[in-house]
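Enquirer: I'm passing along final.tsv; it holds TSV, C-alpha atoms and all ligand atoms.
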chain	number	residue	atom	x	y	z
A	28	MET	CA	129.97	89.13	40.71
A	29	ALA	CA	130.37	92.43	38.85
A	30	LYS	CA	128.23	95.24	40.16
A	31	GLN	CA	125.45	96.59	37.94
A	32	ARG	CA	124.55	100.25	37.49
A	33	VAL	CA	121.16	101.17	38.96
A	34	LYS	CA	119.19	104.41	39.17
A	35	VAL	CA	119.00	105.98	42.62
A	36	ARG	CA	117.49	109.21	43.91
A	37	ASN	CA	119.96	111.90	44.98
A	38	TRP	CA	117.95	114.80	46.43
A	39	GLN	CA	121.03	117.05	46.56
A	40	LEU	CA	121.16	116.89	42.75
A	41	GLY	CA	117.40	117.28	42.29
A	42	ARG	CA	117.43	114.20	40.05
A	43	GLU	CA	118.15	110.49	39.77
A	44	MET	CA	121.67	109.29	39.08
A	45	ASP	CA	123.63	106.09	38.45
A	46	TYR	CA	125.12	104.16	41.37
A	47	TRP	CA	126.36	100.62	41.97
A	48	TYR	CA	123.95	99.57	44.73
A	49	GLU	CA	120.21	100.07	45.19
A	50	GLU	CA	119.13	103.02	47.31
A	51	SER	CA	119.14	101.82	50.91
A	52	ARG	CA	118.85	104.50	53.56
A	53	PRO	CA	119.70	103.82	57.21
A	54	VAL	CA	117.14	104.03	60.01
A	55	ARG	CA	118.67	107.43	60.76
A	56	GLN	CA	121.64	109.11	59.15
A	57	PHE	CA	124.60	110.43	61.18
A	58	THR	CA	125.31	114.00	60.14
A	59	MET	CA	127.45	116.91	61.20
A	60	ILE	CA	126.70	120.60	60.69
A	61	MET	CA	129.61	123.06	60.55
A	62	ASP	CA	129.22	126.83	60.84
A	63	THR	CA	132.29	127.90	58.86
A	64	ASN	CA	131.90	131.51	60.04
A	65	LYS	CA	133.00	130.65	63.55
A	66	CYS	CA	136.15	128.57	62.98
A	67	ILE	CA	139.53	129.94	64.12
A	68	ALA	CA	141.61	126.97	62.87
A	69	CYS	CA	142.84	126.22	66.38
A	70	GLN	CA	142.89	122.51	65.42
A	71	SER	CA	141.50	121.45	68.82
A	72	CYS	CA	139.17	119.16	66.88
A	73	THR	CA	142.08	117.69	64.92
A	74	ILE	CA	144.01	116.92	68.09
A	75	ALA	CA	140.95	115.57	69.91
A	76	CYS	CA	140.41	113.14	67.02
A	77	LYS	CA	144.08	112.22	66.65
A	78	SER	CA	144.65	111.58	70.34
A	79	THR	CA	141.51	109.42	70.48
A	80	TRP	CA	141.74	107.33	67.31
A	81	THR	CA	145.00	107.66	65.32
A	82	TRP	CA	147.88	107.69	67.79
A	83	GLY	CA	149.17	104.19	66.83
A	84	LYS	CA	151.97	102.91	64.64
A	85	GLY	CA	151.28	103.33	60.94
A	86	GLN	CA	148.80	106.13	61.64
A	87	GLU	CA	151.34	108.92	62.09
A	88	TYR	CA	150.22	110.93	59.05
A	89	MET	CA	146.51	110.23	59.46
A	90	LEU	CA	144.17	113.12	60.20
A	91	TRP	CA	140.63	111.80	60.08
A	92	ASN	CA	139.61	115.34	61.01
A	93	ASN	CA	141.52	118.24	59.48
A	94	ILE	CA	141.02	121.97	59.03
A	95	GLU	CA	142.25	123.55	55.82
A	96	THR	CA	142.39	127.18	54.71
A	97	LYS	CA	140.48	127.65	51.50
A	98	PRO	CA	141.20	128.33	48.71
A	99	TYR	CA	144.87	127.20	48.96
A	100	GLY	CA	144.78	124.62	51.74
A	101	TYR	CA	144.33	120.91	51.03
A	102	TYR	CA	144.99	117.59	52.72
A	103	PRO	CA	146.19	115.67	50.80
A	104	THR	CA	147.67	118.30	48.50
A	105	GLY	CA	145.31	119.32	45.72
A	106	TRP	CA	142.58	116.80	46.60
A	107	ASP	CA	139.62	118.86	45.43
A	108	VAL	CA	141.14	120.76	42.51
A	109	ASN	CA	142.40	117.50	41.04
A	110	VAL	CA	138.99	115.84	41.29
A	111	LEU	CA	137.13	118.89	39.94
A	112	ASP	CA	139.58	119.14	37.07
A	113	LEU	CA	139.05	115.47	36.18
A	114	LEU	CA	135.28	115.84	36.20
A	115	GLY	CA	135.27	118.85	33.86
A	116	ARG	CA	132.37	121.31	33.64
A	117	GLN	CA	129.84	121.16	36.42
A	118	GLU	CA	126.66	123.09	35.69
A	119	TRP	CA	123.37	123.53	37.49
A	120	ASP	CA	120.03	124.22	35.88
A	121	GLY	CA	118.43	125.99	38.84
A	122	ASP	CA	118.44	123.41	41.64
A	123	VAL	CA	118.95	120.48	39.25
A	124	TYR	CA	122.49	119.34	38.51
A	125	ALA	CA	123.00	119.26	34.74
A	126	GLY	CA	126.50	117.77	34.64
A	127	GLU	CA	127.84	114.28	35.28
A	128	THR	CA	128.64	112.79	38.70
A	129	LEU	CA	131.80	110.80	39.45
A	130	PHE	CA	129.78	107.58	39.02
A	131	GLU	CA	128.30	108.66	35.69
A	132	ALA	CA	131.70	109.82	34.40
A	133	ALA	CA	133.50	106.60	35.42
A	134	PRO	CA	135.66	105.17	32.59
A	135	ALA	CA	134.61	101.78	31.21
A	136	GLY	CA	135.51	99.01	33.61
A	137	GLU	CA	135.70	101.31	36.66
A	138	TYR	CA	133.10	102.19	39.26
A	139	VAL	CA	134.16	105.76	39.99
A	140	LEU	CA	136.12	108.49	38.23
A	141	GLY	CA	138.98	108.68	40.73
A	142	TRP	CA	142.32	110.31	41.43
A	143	ALA	CA	145.04	108.73	43.55
A	144	PRO	CA	147.27	111.02	45.63
A	145	ASP	CA	151.03	110.37	45.75
A	146	GLU	CA	152.68	109.54	49.05
A	147	ALA	CA	154.19	113.05	49.09
A	148	ASP	CA	150.71	114.60	48.88
A	149	TRP	CA	150.16	113.52	52.50
A	150	ASN	CA	153.25	115.41	53.72
A	151	HIS	CA	151.83	118.90	54.21
A	152	PRO	CA	148.60	119.07	56.23
A	153	ASN	CA	149.03	122.82	56.80
A	154	ILE	CA	149.85	123.80	53.22
A	155	GLY	CA	148.27	127.14	52.29
A	156	GLU	CA	147.37	127.92	55.89
A	157	ASP	CA	146.11	131.48	56.37
A	158	GLU	CA	146.97	132.45	52.77
A	159	PRO	CA	144.34	134.88	51.47
A	160	THR	CA	143.56	135.68	47.85
A	161	GLY	CA	141.63	137.94	45.50
A	162	SER	CA	139.33	140.66	46.73
A	163	ALA	CA	136.40	140.41	49.09
A	164	ASP	CA	135.05	143.83	48.07
A	165	ASP	CA	132.06	142.45	46.16
A	166	THR	CA	130.97	139.92	48.77
A	167	PRO	CA	127.58	140.46	50.38
A	168	TYR	CA	129.01	140.91	53.87
A	169	LEU	CA	131.90	143.31	53.35
A	170	GLU	CA	130.33	145.74	50.89
A	171	ASP	CA	130.31	148.64	53.40
A	172	LEU	CA	133.94	148.43	54.51
A	173	PRO	CA	136.00	151.56	53.79
A	174	HIS	CA	139.07	149.60	52.68
A	175	SER	CA	139.80	146.53	50.53
A	176	LEU	CA	140.32	143.06	51.97
A	177	MET	CA	141.42	139.74	50.55
A	178	TRP	CA	139.55	136.57	51.56
A	179	MET	CA	140.14	133.07	52.90
A	180	TYR	CA	138.21	130.82	55.25
A	181	TYR	CA	138.58	127.59	57.19
A	182	LEU	CA	137.00	124.34	56.03
A	183	GLN	CA	136.38	121.65	58.65
A	184	ARG	CA	136.71	118.16	57.16
A	185	ILE	CA	135.78	114.67	58.28
A	186	CYS	CA	134.46	111.69	56.32
A	187	ASN	CA	131.02	112.60	54.97
A	188	HIS	CA	129.50	109.19	55.72
A	189	CYS	CA	127.96	109.53	52.27
A	190	THR	CA	124.59	108.12	51.28
A	191	TYR	CA	126.25	106.84	48.08
A	192	PRO	CA	129.85	106.26	49.19
A	193	ALA	CA	132.45	106.04	46.43
A	194	CYS	CA	134.65	104.02	48.78
A	195	VAL	CA	131.93	101.36	49.08
A	196	ALA	CA	131.30	101.32	45.31
A	197	ALA	CA	134.98	100.83	44.48
A	198	CYS	CA	135.96	98.19	47.03
A	199	PRO	CA	136.56	94.82	45.28
A	200	ARG	CA	136.37	92.97	48.63
A	201	ASP	CA	133.05	94.43	49.88
A	202	ALA	CA	135.05	95.38	52.95
A	203	ILE	CA	133.43	98.81	53.42
A	204	TYR	CA	129.86	99.06	54.64
A	205	LYS	CA	127.29	101.53	55.88
A	206	ARG	CA	125.70	100.74	59.23
A	207	PRO	CA	121.93	100.42	58.84
A	208	GLU	CA	121.24	101.90	62.30
A	209	ASP	CA	123.07	105.25	61.86
A	210	GLY	CA	124.59	105.41	58.37
A	211	VAL	CA	128.18	105.48	59.66
A	212	VAL	CA	130.57	104.12	56.99
A	213	LEU	CA	133.18	101.66	58.31
A	214	VAL	CA	136.05	99.57	56.91
A	215	ASP	CA	136.03	95.91	58.00
A	216	GLN	CA	139.69	95.53	58.99
A	217	GLU	CA	139.53	91.74	58.61
A	218	ARG	CA	138.15	91.79	55.04
A	219	CYS	CA	140.33	94.64	53.70
A	220	ARG	CA	143.38	93.46	51.72
A	221	GLY	CA	144.89	96.93	51.24
A	222	TYR	CA	144.21	97.29	47.50
A	223	GLN	CA	143.58	101.02	48.13
A	224	GLU	CA	140.80	101.31	45.54
A	225	CYS	CA	138.88	103.33	48.14
A	226	LEU	CA	141.70	105.87	48.36
A	227	THR	CA	141.46	106.51	44.64
A	228	ALA	CA	137.65	106.53	44.59
A	229	CYS	CA	136.83	108.77	47.57
A	230	PRO	CA	136.89	112.29	46.13
A	231	TYR	CA	137.19	113.77	49.64
A	232	LYS	CA	140.26	111.60	50.32
A	233	LYS	CA	138.95	110.44	53.65
A	234	THR	CA	140.05	106.82	53.56
A	235	MET	CA	143.69	106.41	54.56
A	236	PHE	CA	146.19	103.60	54.35
A	237	ASN	CA	147.77	102.25	57.53
A	238	LEU	CA	151.47	101.79	56.79
A	239	GLU	CA	151.86	99.24	59.57
A	240	THR	CA	148.80	97.01	59.19
A	241	ARG	CA	148.65	97.54	55.37
A	242	VAL	CA	144.88	98.01	55.34
A	243	SER	CA	142.61	101.07	54.96
A	244	GLU	CA	141.16	103.07	57.82
A	245	LYS	CA	138.83	106.04	58.07
A	246	CYS	CA	136.80	108.28	60.38
A	247	ILE	CA	134.38	106.11	62.33
A	248	GLY	CA	132.00	108.92	63.31
A	249	CYS	CA	132.97	108.22	66.96
A	250	TYR	CA	130.33	105.47	66.85
A	251	PRO	CA	131.03	104.27	70.41
A	252	LYS	CA	129.97	107.76	71.54
A	253	LEU	CA	126.96	107.88	69.21
A	254	GLU	CA	125.77	104.61	70.74
A	255	GLN	CA	125.68	106.37	74.12
A	256	GLY	CA	123.80	109.38	72.74
A	257	LEU	CA	126.94	111.55	72.81
A	258	GLN	CA	128.33	113.94	70.19
A	259	THR	CA	131.71	113.20	68.57
A	260	GLN	CA	135.12	114.12	69.97
A	261	CYS	CA	135.74	116.85	67.36
A	262	THR	CA	132.35	118.38	68.19
A	263	THR	CA	132.77	118.53	71.94
A	264	ALA	CA	136.39	119.78	71.68
A	265	CYS	CA	135.47	122.65	69.37
A	266	ILE	CA	136.50	126.02	70.80
A	267	GLY	CA	134.34	127.92	68.33
A	268	ARG	CA	131.19	125.90	69.19
A	269	LEU	CA	130.51	125.60	65.49
A	270	ARG	CA	129.81	121.88	65.18
A	271	LEU	CA	126.64	119.91	65.78
A	272	THR	CA	126.53	116.10	65.71
A	273	ASN	CA	123.03	115.08	64.74
A	274	TYR	CA	120.83	112.84	62.58
A	275	LEU	CA	119.29	113.86	59.26
A	276	SER	CA	116.06	112.63	57.70
A	277	PRO	CA	115.50	112.44	53.94
A	278	PRO	CA	113.72	115.62	52.75
A	279	GLU	CA	110.25	114.05	52.53
A	280	ALA	CA	110.47	112.97	56.19
A	281	SER	CA	111.89	116.27	57.46
A	282	ASP	CA	110.80	117.21	60.99
A	283	PRO	CA	111.35	120.91	61.84
A	284	ARG	CA	111.76	120.07	65.54
A	285	LYS	CA	114.94	118.14	64.73
A	286	PRO	CA	118.06	120.34	64.54
A	287	ALA	CA	119.67	118.95	61.37
A	288	ASP	CA	116.34	118.73	59.51
A	289	PHE	CA	115.62	122.34	60.47
A	290	LEU	CA	118.98	123.62	59.18
A	291	VAL	CA	119.27	121.46	56.05
A	292	HIS	CA	115.69	120.97	54.84
A	293	GLU	CA	113.58	123.69	56.44
A	294	ARG	CA	115.79	126.79	56.50
A	295	LYS	CA	118.23	125.36	53.89
A	296	ILE	CA	121.07	127.29	55.52
A	297	ALA	CA	123.46	124.30	55.79
A	298	LEU	CA	124.74	122.94	52.46
A	299	PRO	CA	126.66	119.82	51.33
A	300	LEU	CA	130.31	119.92	50.20
A	301	TYR	CA	130.68	119.46	46.43
A	302	PRO	CA	127.19	117.94	45.93
A	303	GLN	CA	127.88	117.72	42.19
A	304	LEU	CA	130.24	114.78	42.77
A	305	GLY	CA	127.11	112.69	43.43
A	306	LEU	CA	127.87	110.99	46.77
A	307	GLU	CA	125.11	112.77	48.76
A	308	PRO	CA	127.59	113.64	51.52
A	309	ASN	CA	126.18	113.98	55.04
A	310	VAL	CA	128.33	116.78	56.46
A	311	TYR	CA	126.70	120.19	55.93
A	312	TYR	CA	128.24	123.66	55.96
A	313	ILE	CA	126.83	127.07	56.75
A	314	PRO	CA	128.87	128.96	54.12
A	315	PRO	CA	131.22	131.84	55.04
A	316	ILE	CA	129.51	135.17	54.42
A	317	HIS	CA	132.60	137.13	53.35
A	318	VAL	CA	133.67	135.01	50.36
A	319	PRO	CA	132.82	135.59	46.66
A	320	VAL	CA	129.66	133.72	45.67
A	321	PRO	CA	131.04	131.98	42.51
A	322	HIS	CA	133.68	130.22	44.62
A	323	LEU	CA	131.08	129.19	47.19
A	324	MET	CA	128.67	127.91	44.55
A	325	GLN	CA	131.32	125.53	43.26
A	326	MET	CA	131.96	124.34	46.84
A	327	PHE	CA	128.41	124.09	48.17
A	328	GLY	CA	126.00	124.19	45.21
A	329	PRO	CA	123.29	126.60	44.12
A	330	GLY	CA	121.79	127.44	47.55
A	331	VAL	CA	124.67	129.63	48.68
A	332	GLU	CA	123.24	133.14	48.25
A	333	ARG	CA	120.04	132.28	50.07
A	334	ALA	CA	121.98	130.68	52.93
A	335	ILE	CA	124.17	133.76	53.34
A	336	GLU	CA	121.14	136.07	53.39
A	337	LEU	CA	119.50	133.91	56.06
A	338	TYR	CA	122.64	133.90	58.18
A	339	LYS	CA	122.90	137.67	58.01
A	340	GLN	CA	119.31	137.92	59.30
A	341	ALA	CA	119.74	135.26	62.02
A	342	LYS	CA	119.63	137.83	64.82
A	343	ASP	CA	115.99	138.57	63.84
A	344	ASP	CA	115.02	134.89	63.57
A	345	PRO	CA	114.68	133.53	67.15
A	346	GLU	CA	114.34	129.89	66.07
A	347	LEU	CA	117.47	129.96	63.93
A	348	LEU	CA	119.42	132.04	66.43
A	349	GLY	CA	118.37	129.75	69.27
A	350	LEU	CA	119.44	126.64	67.43
A	351	LEU	CA	122.82	128.17	66.51
A	352	LEU	CA	123.31	128.96	70.21
A	353	LEU	CA	122.68	125.31	71.10
A	354	PHE	CA	125.78	124.31	69.08
A	355	GLY	CA	128.52	123.32	71.53
A	356	SER	CA	126.23	123.68	74.56
A	357	THR	CA	126.08	120.00	75.57
A	358	GLU	CA	127.97	116.75	74.97
A	359	ARG	CA	124.67	114.94	74.45
A	360	ILE	CA	123.02	114.60	71.05
A	361	ILE	CA	120.02	116.94	70.80
A	362	ASP	CA	117.09	115.05	69.30
A	363	THR	CA	114.60	117.94	69.17
A	364	PHE	CA	114.70	121.63	70.10
A	365	ASP	CA	112.41	124.59	70.60
A	366	VAL	CA	112.73	128.28	71.36
A	367	ARG	CA	110.26	129.82	73.81
A	368	ASP	CA	110.27	132.93	76.01
A	369	GLY	CA	113.78	133.89	74.90
A	370	VAL	CA	115.29	130.49	75.74
A	371	ALA	CA	116.49	127.76	73.34
A	372	ARG	CA	116.05	124.26	74.72
A	373	GLY	CA	117.37	120.91	73.55
A	374	TYR	CA	115.68	117.59	74.33
A	375	ALA	CA	116.86	113.96	74.35
A	376	GLN	CA	115.05	111.20	72.44
A	377	ASP	CA	112.86	110.43	75.45
A	378	GLY	CA	111.68	114.07	75.49
A	379	SER	CA	113.60	115.09	78.63
A	380	GLU	CA	115.26	118.52	78.58
A	381	ILE	CA	119.05	118.31	78.40
A	382	VAL	CA	120.09	121.94	77.86
A	383	ALA	CA	118.67	125.47	77.98
A	384	VAL	CA	120.45	128.55	76.59
A	385	PRO	CA	119.11	132.13	76.75
A	386	LEU	CA	119.02	134.02	73.43
A	387	ARG	CA	120.50	136.99	75.24
A	388	GLU	CA	122.91	136.68	78.12
A	389	PRO	CA	121.57	138.70	81.05
A	390	THR	CA	123.38	141.97	81.90
A	391	PHE	CA	124.15	142.75	85.53
A	392	VAL	CA	125.21	146.20	86.74
A	393	ARG	CA	126.79	146.15	90.17
A	394	PRO	CA	128.19	148.97	92.31
A	395	PHE	CA	131.84	148.78	93.24
A	396	GLU	CA	134.39	150.76	95.23
A	397	PHE	CA	137.98	151.47	94.44
A	398	ALA	CA	140.75	153.73	95.71
A	399	THR	CA	142.03	156.15	93.08
A	400	GLU	CA	145.74	155.86	92.47
A	401	VAL	CA	146.25	159.62	92.78
A	402	SER	CA	144.35	160.57	95.91
A	403	GLY	CA	143.99	157.26	97.68
A	404	GLU	CA	140.38	158.35	98.42
A	405	PRO	CA	137.66	155.74	97.88
A	406	ALA	CA	135.29	156.40	95.02
A	407	THR	CA	132.11	154.63	93.99
A	408	GLY	CA	130.99	153.69	90.52
A	409	TYR	CA	129.37	150.99	88.45
A	410	ARG	CA	130.93	148.17	86.53
A	411	HIS	CA	129.03	146.61	83.67
A	412	ASN	CA	129.26	142.87	83.33
A	413	THR	CA	127.77	141.30	80.26
A	501	LIG	S1	133.71	110.75	52.32
A	501	LIG	FE1	134.90	109.19	51.21
A	501	LIG	S2	135.47	107.71	52.81
A	501	LIG	FE2	133.76	108.90	53.61
A	501	LIG	S3	131.91	107.69	53.04
A	501	LIG	FE3	132.23	109.25	51.44
A	501	LIG	S4	133.41	108.15	49.88
A	501	LIG	FE4	133.61	106.91	51.78
A	502	LIG	S1	138.04	123.07	67.23
A	502	LIG	FE1	136.42	124.23	66.20
A	502	LIG	S2	137.28	126.33	66.01
A	502	LIG	FE2	139.02	124.96	66.41
A	502	LIG	S3	139.73	124.35	64.35
A	502	LIG	FE3	138.27	122.74	64.98
A	502	LIG	S4	136.30	123.41	64.08
A	502	LIG	FE4	137.69	125.22	64.05
Here is a file; write its structure as structure tokens.
Ligand code: SF4
Ligand code: SF4
Expert:
Amino acid sequence: MAKQRVKVRNWQLGREMDYWYEESRPVRQFTMIMDTNKCIACQSCTIACKSTWTWGKGQEYMLWNNIETKPYGYYPTGWDVNVLDLLGRQEWDGDVYAGETLFEAAPAGEYVLGWAPDEADWNHPNIGEDEPTGSADDTPYLEDLPHSLMWMYYLQRICNHCTYPACVAACPRDAIYKRPEDGVVLVDQERCRGYQECLTACPYKKTMFNLETRVSEKCIGCYPKLEQGLQTQCTTACIGRLRLTNYLSPPEASDPRKPADFLVHERKIALPLYPQLGLEPNVYYIPPIHVPVPHLMQMFGPGVERAIELYKQAKDDPELLGLLLLFGSTERIIDTFDVRDGVARGYAQDGSEIVAVPLREPTFVRPFEFATEVSGEPATGYRHNT
């Protein structure tokens, strides 16, 4: 039976929009928060994911997790510029999106306005790596530097486990579904017939075609780990400690004790990637503070300037600072957190404490002795360890 357009609420757009299924939110929504300011593009996350999930035949080119250098990096080549170009002008009226989403702009007879990459577009996962551009002189962070700099930054990408997935909307076999218990989006490998409609529809290009089995695959949110209360492989492998696997409530049910709710709804420092596309993606980014604002507004929506200001003041905001320090501090999923007496603590769902991190590392000064190279006489002094 053909799907019918219905109105659904998309809080990231500040308005209702058209979609192909009724609004149906999971009991809790898997989410990931990325602090883009801390990434060094070491690709430890990429390798952790690849060696766990996509080491088989037919998966050679698949990177469910990838890191790309913006603005010139893409995987597949040109994924976002092609989609943005197709969609045309994207304007915001304050916090309300005034343009069309990919569902609203779908041509007659199609569910999503989509773009299909060529096979060759999957050949260059590191295209544009470390290539800077333009001038960062007018950015809020670098205004006091005595010399000019160009800018670039690293974007961490996994499937967004969207609230309104384009891959689900476009699948003619109903083979893609969203788990009601955690909102993870999965492809049923038995139902999929390899039509690849999802590859065209997903604007983030996070469904991939297995060349051996001839069916689609995608990031599974490390659900076997989630089921044990553990954070994903890419999160726990992250050298920069910039990722947080968590669960997000809708805005009206936000609980400031919960890490993702605090960052997304309370402080509004973590923002969705290309919210204007209309999928209500569930990966959130703390934007880089050294990049021109117009570029960031196209990437992350209208909340960018406020988020950057907050990040710059984080050292004076113990709650925010404490939560940022809890990133990468434990393999377990932190259900709630608090910051008291200079210590940030994370708690499991049953309320038990699972991690404690001081806001300031203690400084120890200890005496030491050494023989000087010249005289051979012992001397005493102090070494500072921080
Ligand atoms: S990012 Fe793409 S593959 Fe992932 S849920 Fe959204 S539409 Fe589907
Ligand atoms: S492991 Fe962390 S720091 Fe390294 S590339 Fe991935 S997100 Fe960036």
Enquirer: Rank nothing, just name the residue among A:Ala196, A:Met59, A:Leu40, A:Ile203 nearest to Tyr311 of chain A, using all atoms listed in the file.
Expert: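 Checking each candidate against Tyr311 of chain A, we get A:Met59 as the closest.
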Enquirer: Got a sec to check which residues lie within 9 Å of ligand LIG 502 (chain A), using only C-alpha atoms and all ligand atoms, and send them as a PyMOL selection string?
Expert: chain A and resi 61-63+65-75+92-95+181-184+261-270
Enquirer: Could you save the residues just selected, with C-alpha atoms, as a PDB file, in the frame of the given file?
Expert:
ATOM      1  CA  MET A  61     129.610 123.060  60.550  1.00  0.00           C
ATOM      2  CA  ASP A  62     129.220 126.830  60.840  1.00  0.00           C
ATOM      3  CA  THR A  63     132.290 127.900  58.860  1.00  0.00           C
ATOM      4  CA  LYS A  65     133.000 130.650  63.550  1.00  0.00           C
ATOM      5  CA  CYS A  66     136.150 128.570  62.980  1.00  0.00           C
ATOM      6  CA  ILE A  67     139.530 129.940  64.120  1.00  0.00           C
ATOM      7  CA  ALA A  68     141.610 126.970  62.870  1.00  0.00           C
ATOM      8  CA  CYS A  69     142.840 126.220  66.380  1.00  0.00           C
ATOM      9  CA  GLN A  70     142.890 122.510  65.420  1.00  0.00           C
ATOM     10  CA  SER A  71     141.500 121.450  68.820  1.00  0.00           C
ATOM     11  CA  CYS A  72     139.170 119.160  66.880  1.00  0.00           C
ATOM     12  CA  THR A  73     142.080 117.690  64.920  1.00  0.00           C
ATOM     13  CA  ILE A  74     144.010 116.920  68.090  1.00  0.00           C
ATOM     14  CA  ALA A  75     140.950 115.570  69.910  1.00  0.00           C
ATOM     15  CA  ASN A  92     139.610 115.340  61.010  1.00  0.00           C
ATOM     16  CA  ASN A  93     141.520 118.240  59.480  1.00  0.00           C
ATOM     17  CA  ILE A  94     141.020 121.970  59.030  1.00  0.00           C
ATOM     18  CA  GLU A  95     142.250 123.550  55.820  1.00  0.00           C
ATOM     19  CA  TYR A 181     138.580 127.590  57.190  1.00  0.00           C
ATOM     20  CA  LEU A 182     137.000 124.340  56.030  1.00  0.00           C
ATOM     21  CA  GLN A 183     136.380 121.650  58.650  1.00  0.00           C
ATOM     22  CA  ARG A 184     136.710 118.160  57.160  1.00  0.00           C
ATOM     23  CA  CYS A 261     135.740 116.850  67.360  1.00  0.00           C
ATOM     24  CA  THR A 262     132.350 118.380  68.190  1.00  0.00           C
ATOM     25  CA  THR A 263     132.770 118.530  71.940  1.00  0.00           C
ATOM     26  CA  ALA A 264     136.390 119.780  71.680  1.00  0.00           C
ATOM     27  CA  CYS A 265     135.470 122.650  69.370  1.00  0.00           C
ATOM     28  CA  ILE A 266     136.500 126.020  70.800  1.00  0.00           C
ATOM     29  CA  GLY A 267     134.340 127.920  68.330  1.00  0.00           C
ATOM     30  CA  ARG A 268     131.190 125.900  69.190  1.00  0.00           C
ATOM     31  CA  LEU A 269     130.510 125.600  65.490  1.00  0.00           C
ATOM     32  CA  ARG A 270     129.810 121.880  65.180  1.00  0.00           C
TER      33      ARG A 270
END
Enquirer: With distances taken over all atoms listed in the file, which of A:Glu137, A:Glu307, A:Glu293, A:Glu127 is nearest to ligand LIG 501 (chain A)?
Expert: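 The closest residue to ligand LIG 501 (chain A) is A:Glu307.
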Enquirer: Pick out the residues sitting within 8 Å of segment 112-124 of chain A, and hand them over as a ChimeraX atom specification; count all atoms listed in the file, and ignore anything fewer than 4 positions along from it in its own chain.
Expert: /A:40-42,108,128-129,132,140,303,329-330
Enquirer: Given all atoms listed in the file as the basis, pick out the residue of A:Asp288, A:Glu254, A:Glu224, A:Glu279 nearest to ligand LIG 501 (chain A).
Expert: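 Comparing A:Asp288, A:Glu254, A:Glu224, A:Glu279 against ligand LIG 501 (chain A), the winner is A:Glu224.
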Enquirer: Neighbours of Ala143 of chain A within 8 Å (all atoms listed in the file; same-chain residues fewer than 4 positions away dropped), as a VMD selection string?
Expert: chain A and resid 226 to 228
Enquirer: Check which residues fall inside 7 Å of ligand LIG 501 (chain A) when counting all atoms listed in the file, and print them as a ChimeraX atom specification.
Expert: /A:186-189,192-195,212,228-234,245,306,308
Enquirer: Which one is closest to Tyr46 of chain A: A:Gly373, A:Pro321, A:Pro207, A:Gly305? Count all atoms listed in the file.
Expert: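 The closest residue to Tyr46 of chain A is A:Gly305.
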Enquirer: Distance atom CA of Gly221 of chain A-atom CA of Arg241 of chain A, one decimal place?
Expert: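 These atoms are spaced 5.6 Å apart.
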Enquirer: Do you know which residues are at most 8 Å from Asn64 of chain A counting all atoms listed in the file, after dropping those on the same chain fewer than 2 positions away, and could you put them as a list in words?
Expert: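 Here the answer would be Asp62, Cys66, Tyr180, Ile313, Pro314, Pro315 and Ile316 of chain A.
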Enquirer: Could you list, as an MDAnalysis selection string, every residue within 12 Å of Met89 of chain A, counting only C-alpha atoms and ignoring same-chain residues fewer than 5 positions away?
Expert: chainID A and resid 73:74 76:78 80:84 102:103 149:152 185 232:238 243:246
Enquirer: Work out how far apart atom CA of Glu346 of chain A and atom CA of Pro389 of chain A are and give it in Å to one decimal.
Expert: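 That distance, rounded to one decimal, is 18.8 Å.
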Enquirer: How big is the axis-aligned box, and where does its centre sit, when it encloses all atoms of segment 367-376 of chain A listed in the file and has 4 Å added on every side, reported in Å to one decimal as lines of an AutoDock Vina configuration file?
Expert:
center_x = 113.8
center_y = 122.5
center_z = 74.2
size_x = 15.1
size_y = 30.7
size_z = 11.6
Enquirer: Which value, in Å to one decimal, gives the distance between atom CA of Thr259 of chain A and atom CA of Leu337 of chain A?
Expert: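 About the pair atom CA of Thr259 of chain A and atom CA of Leu337 of chain A: they are 27.1 Å apart.
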Enquirer: Between A:Leu386, A:Ala197, A:Leu353, A:Met326, single out the one closest to Val370 of chain A, counting only C-alpha atoms.
Expert: A:Leu386
Enquirer: Taking (117.3, 126.0, 47.7) as a centre in this file's frame and 10 Å as the limit, can you find every polymer residue with an atom that close, using all atoms listed in the file, and give them as a CSV table (one decimal) with C-alpha atoms, keeping the file's coordinate frame?
Expert:
chain,number,residue,atom,x,y,z
A,39,GLN,CA,121.0,117.0,46.6
A,121,GLY,CA,118.4,126.0,38.8
A,122,ASP,CA,118.4,123.4,41.6
A,291,VAL,CA,119.3,121.5,56.0
A,292,HIS,CA,115.7,121.0,54.8
A,293,GLU,CA,113.6,123.7,56.4
A,294,ARG,CA,115.8,126.8,56.5
A,295,LYS,CA,118.2,125.4,53.9
A,296,ILE,CA,121.1,127.3,55.5
A,298,LEU,CA,124.7,122.9,52.5
A,328,GLY,CA,126.0,124.2,45.2
A,329,PRO,CA,123.3,126.6,44.1
A,330,GLY,CA,121.8,127.4,47.6
A,331,VAL,CA,124.7,129.6,48.7
A,332,GLU,CA,123.2,133.1,48.2
A,333,ARG,CA,120.0,132.3,50.1
A,334,ALA,CA,122.0,130.7,52.9
Enquirer: Measuring between only C-alpha atoms, which one of A:Ala125, A:Val320, A:Leu257, A:Ile247 shows the shortest distance to Glu43 of chain A?
Expert: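 Of all the options, A:Ala125 lies closest to Glu43 of chain A.
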Enquirer: I need segment 342-349 of chain A from the structure I supplied, saved as a short mmCIF file (atom, residue, chain, number, x, y, z; two decimals), in the first residue's frame with C-alpha atoms retained.
Expert:
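Written out: part12.cif:
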data_model
loop_
_atom_site.label_atom_id
_atom_site.label_comp_id
_atom_site.auth_asym_id
_atom_site.auth_seq_id
_atom_site.Cartn_x
_atom_site.Cartn_y
_atom_site.Cartn_z
CA LYS A 342 35.79 26.96 32.44
CA ASP A 343 33.54 29.23 34.58
CA ASP A 344 30.54 26.87 34.42
CA PRO A 345 31.28 23.93 36.79
CA GLU A 346 28.29 21.86 35.65
CA LEU A 347 29.17 22.12 31.98
CA LEU A 348 32.89 21.70 32.59
CA GLY A 349 32.24 18.68 34.81
#
